[in-house]
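Here's protein_30.txt, which has compact mmCIF, C-alpha atoms:
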```txt
# COMPACT_ATOMS: atom_id res chain seq x y z
CA MET A 269 -7.89 -15.73 -18.48
CA VAL A 270 -6.08 -12.60 -17.34
CA THR A 271 -7.45 -9.38 -18.86
CA SER A 272 -4.79 -7.00 -20.07
CA ILE A 273 -5.37 -3.59 -21.65
CA THR A 274 -1.81 -2.34 -22.13
CA SER A 275 -0.12 -5.26 -23.92
CA PHE A 276 0.64 -4.97 -27.65
CA GLY A 277 -2.10 -7.19 -29.06
CA ARG A 278 -3.94 -8.16 -25.85
CA SER A 279 -3.46 -11.81 -26.86
CA GLY A 280 -0.48 -13.70 -25.53
CA LEU A 281 -0.23 -15.72 -28.72
CA TYR A 282 -0.31 -12.60 -30.92
CA ASP A 283 2.40 -10.86 -28.88
CA TRP A 284 4.47 -14.03 -28.88
CA MET A 285 4.24 -14.34 -32.67
CA VAL A 286 5.00 -10.63 -33.27
CA GLN A 287 8.03 -10.93 -30.97
CA ARG A 288 9.39 -13.85 -33.02
CA VAL A 289 8.66 -12.41 -36.48
CA THR A 290 10.20 -9.03 -35.59
CA ALA A 291 13.24 -10.84 -34.15
CA VAL A 292 13.77 -12.55 -37.54
CA VAL A 293 13.49 -9.19 -39.35
CA LEU A 294 15.99 -7.57 -36.95
CA LEU A 295 18.37 -10.52 -37.36
CA ALA A 296 18.18 -10.27 -41.16
CA TYR A 297 18.79 -6.50 -41.04
CA THR A 298 21.73 -6.89 -38.64
CA ILE A 299 23.34 -9.60 -40.79
CA PHE A 300 22.84 -7.47 -43.92
CA MET A 301 24.38 -4.37 -42.33
CA ILE A 302 27.37 -6.27 -40.89
CA GLY A 303 27.90 -8.01 -44.25
CA TYR A 304 27.59 -4.76 -46.18
CA LEU A 305 30.09 -2.99 -43.92
CA LEU A 306 32.53 -5.92 -44.09
CA PHE A 307 32.42 -6.15 -47.88
CA ASN A 308 32.65 -2.36 -48.30
CA SER A 309 35.35 -1.46 -45.81
CA ASP A 310 36.54 1.46 -47.98
CA MET A 311 33.03 2.97 -48.16
CA ASP A 312 32.68 6.76 -48.35
CA TYR A 313 29.74 9.05 -47.55
CA SER A 314 28.34 9.11 -51.10
CA GLN A 315 28.12 5.29 -51.20
CA TRP A 316 26.45 5.21 -47.75
CA LYS A 317 24.00 7.92 -48.96
CA SER A 318 23.20 6.11 -52.20
CA LEU A 319 22.56 2.89 -50.26
CA PHE A 320 19.79 4.59 -48.27
CA GLU A 321 18.40 6.43 -51.31
CA CYS A 322 17.48 3.07 -52.80
CA THR A 323 13.75 2.33 -52.31
CA SER A 324 14.30 -1.31 -51.40
CA MET A 325 16.77 -0.29 -48.67
CA ARG A 326 14.28 2.28 -47.35
CA ILE A 327 11.59 -0.38 -47.20
CA PHE A 328 13.96 -2.82 -45.45
CA THR A 329 15.11 -0.14 -42.97
CA LEU A 330 11.56 1.03 -42.22
CA LEU A 331 10.56 -2.61 -41.70
CA ALA A 332 13.47 -3.03 -39.27
CA LEU A 333 12.55 0.23 -37.50
CA LEU A 334 8.90 -0.78 -37.03
CA SER A 335 10.00 -4.28 -36.00
CA MET A 336 12.29 -2.79 -33.38
CA ALA A 337 9.47 -0.60 -32.05
CA ALA A 338 7.06 -3.56 -31.72
CA HIS A 339 9.76 -5.87 -30.35
CA ALA A 340 10.92 -3.30 -27.79
CA TRP A 341 7.37 -2.52 -26.67
CA ILE A 342 6.47 -6.17 -26.06
CA GLY A 343 9.77 -6.76 -24.24
CA LEU A 344 9.55 -3.65 -22.09
CA TRP A 345 5.89 -4.33 -21.35
CA SER A 346 6.92 -7.76 -19.98
CA VAL A 347 9.73 -6.26 -17.91
CA THR A 348 7.54 -3.48 -16.47
CA THR A 349 4.68 -5.85 -15.60
CA ASP A 350 7.21 -8.11 -13.85
CA TYR A 351 9.05 -5.53 -11.80
CA ILE A 352 6.82 -2.46 -11.32
CA LYS A 353 3.90 -3.47 -9.16
CA PRO A 354 2.20 -0.08 -8.36
CA THR A 355 -0.26 0.39 -11.25
CA GLY A 356 0.14 4.20 -11.45
CA LEU A 357 3.93 4.10 -11.61
CA ARG A 358 3.85 1.23 -14.12
CA PHE A 359 1.45 3.19 -16.34
CA VAL A 360 3.74 6.24 -16.24
CA VAL A 361 6.84 4.16 -17.13
CA GLN A 362 4.96 2.31 -19.89
CA SER A 363 3.66 5.63 -21.28
CA GLY A 364 7.23 6.95 -21.27
CA CYS A 365 8.43 3.84 -23.15
CA GLY A 366 5.58 4.16 -25.67
CA LEU A 367 6.23 7.87 -26.24
CA LEU A 368 9.97 7.30 -26.66
CA THR A 369 9.32 4.46 -29.13
CA PHE A 370 6.96 6.70 -31.12
CA ILE A 371 9.54 9.51 -31.18
CA TYR A 372 12.22 7.10 -32.41
CA VAL A 373 9.95 5.83 -35.20
CA VAL A 374 9.05 9.35 -36.42
CA TRP A 375 12.65 10.52 -36.06
CA GLY A 376 13.88 7.41 -37.90
CA ILE A 377 11.48 8.01 -40.80
CA GLN A 378 12.57 11.65 -40.94
CA ILE A 379 16.25 10.62 -41.14
CA LEU A 380 15.55 7.88 -43.66
CA TRP A 381 13.63 10.10 -46.08
CA GLY A 382 15.86 13.08 -45.40
CA VAL A 383 18.87 11.40 -46.99
CA MET B 132 28.21 -31.17 9.74
CA LEU B 133 26.68 -27.69 9.87
CA VAL B 134 23.01 -27.22 9.06
CA SER B 135 21.63 -23.72 8.65
CA VAL B 136 17.83 -23.73 8.91
CA TYR B 137 15.37 -20.95 8.12
CA ARG B 138 13.34 -20.27 11.24
CA TYR B 139 10.28 -18.12 11.60
CA ASN B 140 7.45 -18.29 14.08
CA PRO B 141 5.10 -15.35 13.44
CA GLU B 142 3.77 -15.62 17.01
CA THR B 143 7.15 -15.03 18.64
CA ASP B 144 9.61 -13.74 16.00
CA ASP B 145 9.67 -10.22 14.56
CA ALA B 146 11.56 -11.43 11.50
CA PRO B 147 12.84 -14.70 10.03
CA TYR B 148 16.39 -15.77 10.88
CA MET B 149 18.83 -18.58 10.04
CA GLN B 150 19.61 -21.00 12.87
CA ASP B 151 22.97 -22.76 12.67
CA ILE B 152 23.03 -26.25 14.15
CA HIS B 153 26.05 -28.58 14.33
CA ILE B 154 25.01 -32.17 14.06
CA ASP B 155 26.78 -35.54 13.85
CA ILE B 156 25.26 -38.04 11.46
CA PRO B 157 25.06 -41.42 13.25
CA GLY B 158 27.52 -43.85 11.65
CA GLY B 159 28.41 -41.20 9.05
CA LYS B 160 25.70 -42.64 6.77
CA ASP B 161 24.44 -40.96 3.62
CA ILE B 162 20.93 -40.34 4.96
CA MET B 163 18.10 -38.41 3.31
CA VAL B 164 17.53 -34.74 4.14
CA LEU B 165 14.20 -35.71 5.72
CA ASP B 166 16.03 -38.04 8.13
CA LEU B 167 18.36 -35.17 8.96
CA LEU B 168 15.34 -32.97 9.70
CA GLN B 169 14.09 -35.62 12.12
CA LEU B 170 17.48 -35.55 13.88
CA LEU B 171 17.21 -31.76 14.08
CA LYS B 172 13.68 -32.02 15.43
CA ASP B 173 14.89 -34.43 18.11
CA LYS B 174 17.29 -31.69 19.22
CA ASP B 175 14.79 -28.82 18.86
CA THR B 176 11.15 -29.87 18.88
CA SER B 177 9.94 -26.43 17.84
CA LEU B 178 11.20 -26.94 14.25
CA GLY B 179 8.28 -27.08 11.79
CA TYR B 180 8.18 -28.86 8.41
CA ARG B 181 5.69 -30.90 6.39
CA ARG B 182 6.14 -34.58 5.64
CA SER B 183 4.01 -37.62 5.04
CA CYS B 184 4.89 -40.59 2.84
CA ARG B 185 8.71 -40.25 3.11
CA GLU B 186 9.17 -41.83 -0.33
CA GLY B 187 8.64 -39.08 -2.91
CA VAL B 188 4.97 -39.79 -3.58
CA CYS B 189 2.95 -37.32 -1.51
CA GLY B 190 4.94 -34.19 -2.34
CA SER B 191 4.66 -32.71 1.17
CA ASP B 192 8.30 -32.04 1.97
CA GLY B 193 9.29 -29.79 -0.93
CA MET B 194 11.94 -27.33 0.26
CA ASN B 195 15.01 -25.43 -0.86
CA MET B 196 18.21 -27.34 -0.09
CA ASN B 197 21.47 -25.48 -0.69
CA GLY B 198 19.69 -23.26 -3.21
CA LYS B 199 17.83 -25.95 -5.15
CA ASN B 200 14.24 -27.05 -4.66
CA GLY B 201 13.52 -30.72 -4.14
CA LEU B 202 11.84 -33.29 -1.93
CA ALA B 203 13.72 -33.80 1.33
CA CYS B 204 12.69 -37.47 1.55
CA ILE B 205 14.35 -38.57 -1.69
CA THR B 206 17.35 -36.23 -1.62
CA ALA B 207 20.44 -37.80 -0.07
CA LEU B 208 22.88 -35.57 1.81
CA SER B 209 25.60 -36.52 -0.70
CA GLN B 210 23.50 -34.91 -3.45
CA VAL B 211 23.25 -31.50 -1.83
CA VAL B 212 25.80 -30.97 0.94
CA VAL B 213 28.75 -28.77 -0.03
CA ASP B 214 31.80 -28.37 2.24
CA ASP B 215 29.99 -30.19 5.06
CA LYS B 216 27.29 -27.49 5.12
CA LEU B 217 23.60 -27.59 4.25
CA VAL B 218 21.27 -24.57 4.07
CA LEU B 219 17.58 -25.39 4.35
CA ARG B 220 14.98 -22.82 3.38
CA PRO B 221 11.24 -23.00 2.63
CA LEU B 222 10.12 -23.09 -1.02
CA PRO B 223 10.77 -19.60 -2.41
CA GLY B 224 8.02 -17.23 -3.54
CA LEU B 225 5.24 -18.44 -1.24
CA PRO B 226 4.29 -16.91 2.13
CA VAL B 227 5.86 -18.71 5.10
CA ILE B 228 3.48 -20.01 7.73
CA ARG B 229 6.22 -21.24 10.01
CA ASP B 230 9.86 -22.38 9.55
CA LEU B 231 9.88 -24.63 6.45
CA VAL B 232 6.08 -24.68 6.06
CA VAL B 233 4.68 -22.46 3.29
CA ASP B 234 1.16 -21.34 2.43
CA MET B 235 0.33 -23.15 -0.84
CA SER B 236 -3.00 -21.30 -1.47
CA GLN B 237 -1.73 -19.31 -4.46
CA PHE B 238 -0.28 -22.47 -6.01
CA TYR B 239 -3.60 -24.33 -5.63
CA LYS B 240 -5.56 -21.35 -6.99
CA GLN B 241 -3.58 -21.60 -10.23
CA TYR B 242 -4.17 -25.35 -10.28
CA GLU B 243 -7.93 -24.80 -9.89
CA LYS B 244 -7.89 -22.30 -12.77
CA ILE B 245 -6.93 -24.92 -15.35
CA LYS B 246 -9.94 -27.12 -14.38
CA PRO B 247 -7.96 -30.24 -13.47
CA PHE B 248 -10.69 -32.74 -14.30
CA LEU B 249 -12.04 -34.40 -17.42
CA ILE B 250 -14.78 -32.50 -19.21
CA ASN B 251 -16.82 -34.54 -21.65
CA ASP B 252 -20.27 -33.44 -22.84
CA THR B 253 -21.02 -36.56 -24.89
CA PRO B 254 -23.39 -39.22 -23.46
CA ALA B 255 -21.59 -41.55 -21.09
CA PRO B 256 -21.03 -45.06 -22.52
CA PRO B 257 -22.46 -48.03 -20.59
CA MET B 258 -19.08 -49.13 -19.20
CA GLU B 259 -16.28 -46.57 -19.50
CA ARG B 260 -14.62 -44.16 -21.95
CA LEU B 261 -11.93 -46.20 -23.64
CA GLN B 262 -8.56 -45.06 -24.92
CA SER B 263 -6.20 -46.77 -27.34
CA PRO B 264 -2.72 -47.57 -25.97
CA GLU B 265 -1.36 -44.74 -28.17
CA GLU B 266 -3.87 -42.25 -26.74
CA ARG B 267 -2.97 -43.36 -23.22
CA GLU B 268 0.73 -42.92 -24.00
CA GLU B 269 0.09 -39.22 -24.66
CA LEU B 270 -0.45 -38.79 -20.90
CA ASP B 271 2.92 -40.24 -19.92
CA GLY B 272 5.19 -37.61 -18.41
CA LEU B 273 2.12 -35.55 -17.44
CA TYR B 274 -0.06 -37.55 -15.05
CA GLU B 275 2.88 -38.33 -12.73
CA CYS B 276 2.94 -34.79 -11.28
CA ILE B 277 2.46 -34.90 -7.49
CA LEU B 278 1.87 -31.13 -7.04
CA CYS B 279 4.84 -30.68 -4.71
CA ALA B 280 5.32 -27.12 -6.07
CA CYS B 281 9.10 -27.50 -6.43
CA CYS B 282 8.93 -26.41 -10.09
CA THR B 283 6.48 -23.54 -9.74
CA THR B 284 8.36 -22.02 -6.79
CA ALA B 285 11.64 -22.24 -8.73
CA CYS B 286 10.17 -20.13 -11.53
CA PRO B 287 10.90 -16.36 -11.52
CA SER B 288 7.84 -15.73 -13.71
CA PHE B 289 5.72 -17.20 -10.89
CA TRP B 290 7.60 -15.19 -8.25
CA TRP B 291 6.77 -11.92 -10.03
CA ASN B 292 3.21 -12.79 -11.08
CA PRO B 293 1.87 -15.59 -8.85
CA ASP B 294 -1.70 -14.36 -9.35
CA LYS B 295 -1.54 -14.24 -13.16
CA PHE B 296 0.99 -16.80 -14.42
CA VAL B 297 -0.34 -20.35 -14.03
CA GLY B 298 3.15 -21.71 -13.39
CA PRO B 299 4.90 -24.83 -14.67
CA SER B 300 3.01 -27.31 -12.51
CA GLY B 301 -0.43 -25.91 -13.43
CA LEU B 302 0.51 -25.78 -17.11
CA LEU B 303 1.80 -29.35 -17.09
CA GLN B 304 -1.60 -30.34 -15.68
CA ALA B 305 -3.37 -28.11 -18.21
CA TYR B 306 -1.64 -29.99 -21.04
CA ARG B 307 -2.44 -33.31 -19.34
CA PHE B 308 -6.16 -32.57 -19.94
CA LEU B 309 -5.63 -30.94 -23.35
CA ALA B 310 -3.81 -34.10 -24.46
CA ASP B 311 -6.46 -36.45 -23.09
CA SER B 312 -8.47 -38.06 -25.91
CA ARG B 313 -11.52 -38.30 -23.62
CA ASP B 314 -11.69 -34.56 -22.94
CA THR B 315 -13.95 -32.49 -25.20
CA ALA B 316 -13.29 -28.99 -23.78
CA THR B 317 -10.07 -28.34 -25.73
CA ARG B 318 -11.26 -25.05 -27.30
CA GLU B 319 -12.56 -23.68 -24.00
CA ARG B 320 -9.38 -24.67 -22.19
CA LEU B 321 -7.19 -23.02 -24.82
CA ALA B 322 -9.33 -19.86 -24.84
CA GLU B 323 -8.68 -19.52 -21.09
CA LEU B 324 -4.91 -19.64 -21.67
CA ASP B 325 -4.55 -17.19 -24.57
CA ASP B 326 -3.61 -14.06 -22.64
CA PRO B 327 -0.18 -12.47 -22.14
CA PHE B 328 0.25 -14.01 -18.66
CA SER B 329 -1.25 -17.48 -18.13
CA VAL B 330 1.09 -19.35 -20.52
CA PHE B 331 3.14 -16.71 -22.31
CA ARG B 332 4.91 -15.38 -19.22
CA CYS B 333 7.03 -18.54 -19.48
CA HIS B 334 10.36 -17.53 -21.01
CA GLY B 335 11.65 -21.09 -21.16
CA ILE B 336 14.50 -20.85 -18.64
CA MET B 337 13.73 -24.45 -17.60
CA ASN B 338 14.29 -24.07 -13.84
CA CYS B 339 11.20 -26.26 -13.54
CA VAL B 340 12.80 -29.11 -15.50
CA SER B 341 16.00 -28.87 -13.49
CA VAL B 342 14.25 -29.24 -10.11
CA CYS B 343 11.31 -31.60 -10.79
CA PRO B 344 11.79 -34.55 -8.40
CA LYS B 345 9.76 -36.79 -10.70
CA GLY B 346 11.90 -35.99 -13.76
CA LEU B 347 9.02 -34.33 -15.65
CA ASN B 348 9.34 -31.61 -18.29
CA PRO B 349 6.86 -28.73 -17.83
CA THR B 350 8.69 -26.57 -20.41
CA LYS B 351 7.97 -29.18 -23.08
CA ALA B 352 4.29 -29.27 -22.05
CA ILE B 353 4.14 -25.46 -22.22
CA GLY B 354 5.62 -25.62 -25.74
CA LYS B 355 2.91 -28.09 -26.73
CA ILE B 356 0.17 -25.82 -25.35
CA ARG B 357 1.68 -22.98 -27.40
CA ASN B 358 1.64 -25.17 -30.51
CA MET B 359 -2.01 -26.05 -29.90
CA LEU B 360 -2.85 -22.35 -29.58
CA ILE B 361 -1.01 -21.65 -32.87
CA GLN B 362 -2.77 -24.50 -34.67
CA GLN B 363 -6.25 -23.37 -33.69
CA ALA B 364 -5.53 -19.71 -34.58
CA THR B 365 -6.14 -18.21 -37.99
```
Encoding of this model in structure tokens:
Amino acid sequence: MVTSITSFGRSGLYDWMVQRVTAVVLLAYTIFMIGYLLFNSDMDYSQWKSLFECTSMRIFTLLALLSMAAHAWIGLWSVTTDYIKPTGLRFVVQSGCGLLTFIYVVWGIQILWGV
Amino acid sequence: MLVSVYRYNPETDDAPYMQDIHIDIPGGKDIMVLDLLQLLKDKDTSLGYRRSCREGVCGSDGMNMNGKNGLACITALSQVVVDDKLVLRPLPGLPVIRDLVVDMSQFYKQYEKIKPFLINDTPAPPMERLQSPEEREELDGLYECILCACCTTACPSFWWNPDKFVGPSGLLQAYRFLADSRDTATRERLAELDDPFSVFRCHGIMNCVSVCPKGLNPTKAIGKIRNMLIQQAT
């Protein structure tokens, strides 16, 4: 058993499951967005705005945003633990990734509810 | 043909280097790489490599031949030589002791971690612990591992984290005991593996499957360990 204090859930199984579930959410969101843009090629700003004013779309987008944050953290945590061996430097890079992810989530919520 | 061999003697060399040797194969036969190494050793007795059974059973002569790990004794030149050239290197990712001989300590430490022995806390029967033919079949494709380290040293996850990731060979053995109907330590074994490194650093690239000289499938075993962890979780 390897003890880890910086991974997402501190259990390999939990991180593995979160990675897969969030991947499904991101896939569904991507397919929806591509489909929506394909079927509404003549879309204008007001239609785009009304799409994101809909509560169900806000829920779906927030779900995708949080999924991306969790997915990215688990992925970047794996990459940093593979390639950055000095603990101090790895902690700084991981902190930077975590801070950036947090900023993106808050910023995303602000944009989503600012429509 | 031209053979390029990795040479390093820490007592005399500052750094490793590749030694190019031209050699004629007697009778132009399709000999095994191990036989070729013997021919090289006849020319230069300082060349170091491990070998023992010379028939793919002991797992001593694992090495990297033209970029792919395998056992020198059961790999014919025709399988690996390209453009009449063969590059021989030690197994990647482990410290080199000398020439093609690597220090396997880290590999064995991971093997020890998975407790490679039967654990059974029930009273021993008078004769032996029996298995049905079906239960015994569960161990096929697992017990055949000869610990040659070809798979583990072909795995980038092991290269980056040899102290934390058990590696394909160790995990194949871990599943061999998890799948054994006579073993009663399943929960304890699984609890030892449920961290982000021991099992889950495997990203399923299947280098291990592609190089295993015994034709085993560690990736499949790792998938089965993962399924067992999922099934016992809430």
Cut-off 6 Å: closest chain B/chain A atom pairs per residue, using only C-alpha atoms, as JSON lines:
```
{"residue": "B:Trp291", "atom": "CA", "partner": "A:Asp350", "partner_atom": "CA", "distance": 5.4}
{"residue": "B:Glu323", "atom": "CA", "partner": "A:Met269", "partner_atom": "CA", "distance": 4.7}
{"residue": "B:Leu324", "atom": "CA", "partner": "A:Met269", "partner_atom": "CA", "distance": 5.9}
{"residue": "B:Asp325", "atom": "CA", "partner": "A:Gly280", "partner_atom": "CA", "distance": 5.4}
{"residue": "B:Asp326", "atom": "CA", "partner": "A:Gly280", "partner_atom": "CA", "distance": 4.3}
{"residue": "B:Pro327", "atom": "CA", "partner": "A:Gly280", "partner_atom": "CA", "distance": 3.6}
{"residue": "B:Phe331", "atom": "CA", "partner": "A:Gly280", "partner_atom": "CA", "distance": 5.7}
```
Generate a file of the selected residues that holds C-alpha atoms, formatted as an mmCIF file, in the frame of the given file.
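Generated file (result.cif):
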```cif
data_model
loop_
_atom_site.group_PDB
_atom_site.id
_atom_site.type_symbol
_atom_site.label_atom_id
_atom_site.label_comp_id
_atom_site.auth_asym_id
_atom_site.auth_seq_id
_atom_site.Cartn_x
_atom_site.Cartn_y
_atom_site.Cartn_z
ATOM 1 C CA TRP B 291 6.770 -11.920 -10.030
ATOM 2 C CA GLU B 323 -8.680 -19.520 -21.090
ATOM 3 C CA LEU B 324 -4.910 -19.640 -21.670
ATOM 4 C CA ASP B 325 -4.550 -17.190 -24.570
ATOM 5 C CA ASP B 326 -3.610 -14.060 -22.640
ATOM 6 C CA PRO B 327 -0.180 -12.470 -22.140
ATOM 7 C CA PHE B 331 3.140 -16.710 -22.310
#
```
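Taking CA of Gly354 (chain B) and CA of Gly335 (chain B) as the two end points, the separation is 8.8 Å.
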Give one line per residue of region 256-326 of chain B that approaches region 217-240 of chain B to at most 8 Å, naming the two atoms of the closest pair and their distance in Å to one decimal, counting all atoms listed in the file; sort by chain then ascending residue number and deliver it as a tab-separated table.
```
residue	atom	partner	partner_atom	distance
B:Ala280	CA	B:Phe238	CA	7.3
B:Cys281	CA	B:Leu222	CA	7.1
B:Thr283	CA	B:Phe238	CA	7.8
B:Thr284	CA	B:Pro223	CA	5.6
B:Ala285	CA	B:Pro223	CA	6.9
B:Phe289	CA	B:Gly224	CA	7.7
B:Trp290	CA	B:Gly224	CA	5.1
B:Pro293	CA	B:Gln237	CA	6.8
B:Asp294	CA	B:Gln237	CA	7.0
```
Emit the selected residues as a short mmCIF file (atom, residue, chain, number, x, y, z; two decimals), in the frame of the given file, including C-alpha atoms.
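The file below, selection-v4.cif, is the result:
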```cif
data_model
loop_
_atom_site.label_atom_id
_atom_site.label_comp_id
_atom_site.auth_asym_id
_atom_site.auth_seq_id
_atom_site.Cartn_x
_atom_site.Cartn_y
_atom_site.Cartn_z
CA ALA B 280 5.32 -27.12 -6.07
CA CYS B 281 9.10 -27.50 -6.43
CA THR B 283 6.48 -23.54 -9.74
CA THR B 284 8.36 -22.02 -6.79
CA ALA B 285 11.64 -22.24 -8.73
CA PHE B 289 5.72 -17.20 -10.89
CA TRP B 290 7.60 -15.19 -8.25
CA PRO B 293 1.87 -15.59 -8.85
CA ASP B 294 -1.70 -14.36 -9.35
#
```
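Neighbouring residues of region 305-316 of chain B at 6 Å or closer, counting only C-alpha atoms and skipping chain neighbours under 6 positions away, are Ile245, Leu249, Ile250, Asn251 and Leu273 of chain B.
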Skip Trp341 (chain A) itself and residues of its chain fewer than 2 positions away, then list as a PDB file with C-alpha atoms, keeping the file's coordinate frame all residues within 10 Å of it, counting only C-alpha atoms.
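Listing of part.pdb after writing:
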```
ATOM      1  CA  SER A 275      -0.120  -5.260 -23.920  1.00  0.00           C
ATOM      2  CA  PHE A 276       0.640  -4.970 -27.650  1.00  0.00           C
ATOM      3  CA  ASP A 283       2.400 -10.860 -28.880  1.00  0.00           C
ATOM      4  CA  GLN A 287       8.030 -10.930 -30.970  1.00  0.00           C
ATOM      5  CA  SER A 335      10.000  -4.280 -36.000  1.00  0.00           C
ATOM      6  CA  MET A 336      12.290  -2.790 -33.380  1.00  0.00           C
ATOM      7  CA  ALA A 337       9.470  -0.600 -32.050  1.00  0.00           C
ATOM      8  CA  ALA A 338       7.060  -3.560 -31.720  1.00  0.00           C
ATOM      9  CA  HIS A 339       9.760  -5.870 -30.350  1.00  0.00           C
ATOM     10  CA  GLY A 343       9.770  -6.760 -24.240  1.00  0.00           C
ATOM     11  CA  LEU A 344       9.550  -3.650 -22.090  1.00  0.00           C
ATOM     12  CA  TRP A 345       5.890  -4.330 -21.350  1.00  0.00           C
ATOM     13  CA  SER A 346       6.920  -7.760 -19.980  1.00  0.00           C
ATOM     14  CA  VAL A 347       9.730  -6.260 -17.910  1.00  0.00           C
ATOM     15  CA  GLN A 362       4.960   2.310 -19.890  1.00  0.00           C
ATOM     16  CA  CYS A 365       8.430   3.840 -23.150  1.00  0.00           C
ATOM     17  CA  GLY A 366       5.580   4.160 -25.670  1.00  0.00           C
ATOM     18  CA  THR A 369       9.320   4.460 -29.130  1.00  0.00           C
TER      19      THR A 369
END
```
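We find CA of Gly272 (chain B) and CA of Asn348 (chain B) to be spaced 7.3 Å apart.
Rounded to one decimal, CA of Leu208 (chain B) and CA of Thr350 (chain B) lie 27.9 Å from each other.
Residue nearest Ser363 (chain A), chosen from A:Gly303, A:Tyr313, A:Thr323, A:Thr274 and counting all atoms listed in the file: A:Thr274.
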Discussion item. With all atoms listed in the file as the counted atoms, please give the residues lying no more than 12 Å from region 297-301 of chain A, apart from itself and same-chain residues fewer than 3 positions off, as a count of residues only.
Written reply: 25
Select all residues near (16.2, -29.8, 8.9) (cut-off 10 Å, inclusive, file coordinates), counting all atoms listed in the file, and output them as a PDB file with C-alpha atoms, in the frame of the given file.
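Saved to selection12.pdb:
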```
ATOM      1  CA  VAL B 134      23.010 -27.220   9.060  1.00  0.00           C
ATOM      2  CA  SER B 135      21.630 -23.720   8.650  1.00  0.00           C
ATOM      3  CA  VAL B 136      17.830 -23.730   8.910  1.00  0.00           C
ATOM      4  CA  TYR B 137      15.370 -20.950   8.120  1.00  0.00           C
ATOM      5  CA  ILE B 152      23.030 -26.250  14.150  1.00  0.00           C
ATOM      6  CA  VAL B 164      17.530 -34.740   4.140  1.00  0.00           C
ATOM      7  CA  LEU B 165      14.200 -35.710   5.720  1.00  0.00           C
ATOM      8  CA  ASP B 166      16.030 -38.040   8.130  1.00  0.00           C
ATOM      9  CA  LEU B 167      18.360 -35.170   8.960  1.00  0.00           C
ATOM     10  CA  LEU B 168      15.340 -32.970   9.700  1.00  0.00           C
ATOM     11  CA  GLN B 169      14.090 -35.620  12.120  1.00  0.00           C
ATOM     12  CA  LEU B 170      17.480 -35.550  13.880  1.00  0.00           C
ATOM     13  CA  LEU B 171      17.210 -31.760  14.080  1.00  0.00           C
ATOM     14  CA  LYS B 172      13.680 -32.020  15.430  1.00  0.00           C
ATOM     15  CA  LEU B 178      11.200 -26.940  14.250  1.00  0.00           C
ATOM     16  CA  GLY B 179       8.280 -27.080  11.790  1.00  0.00           C
ATOM     17  CA  TYR B 180       8.180 -28.860   8.410  1.00  0.00           C
ATOM     18  CA  MET B 194      11.940 -27.330   0.260  1.00  0.00           C
ATOM     19  CA  MET B 196      18.210 -27.340  -0.090  1.00  0.00           C
ATOM     20  CA  ALA B 203      13.720 -33.800   1.330  1.00  0.00           C
ATOM     21  CA  LEU B 217      23.600 -27.590   4.250  1.00  0.00           C
ATOM     22  CA  VAL B 218      21.270 -24.570   4.070  1.00  0.00           C
ATOM     23  CA  LEU B 219      17.580 -25.390   4.350  1.00  0.00           C
ATOM     24  CA  ARG B 220      14.980 -22.820   3.380  1.00  0.00           C
ATOM     25  CA  ASP B 230       9.860 -22.380   9.550  1.00  0.00           C
ATOM     26  CA  LEU B 231       9.880 -24.630   6.450  1.00  0.00           C
TER      27      LEU B 231
END
```
Item to complete: Find the residues near Glu275 (chain B): any atom within 12 Å, counting only C-alpha atoms, skip ones fewer than 6 places away on the same chain, and give them as a PyMOL selection string.
Response: chain B and resi 187-190+300+303-304+307+343-349
Discussion item. Please list as a list in words every residue within 6 Å of Cys204 (chain B), counting all atoms listed in the file and excluding residues in the same chain fewer than 3 positions away.
Written reply: Met163, Leu165, Arg185 and Glu186 of chain B
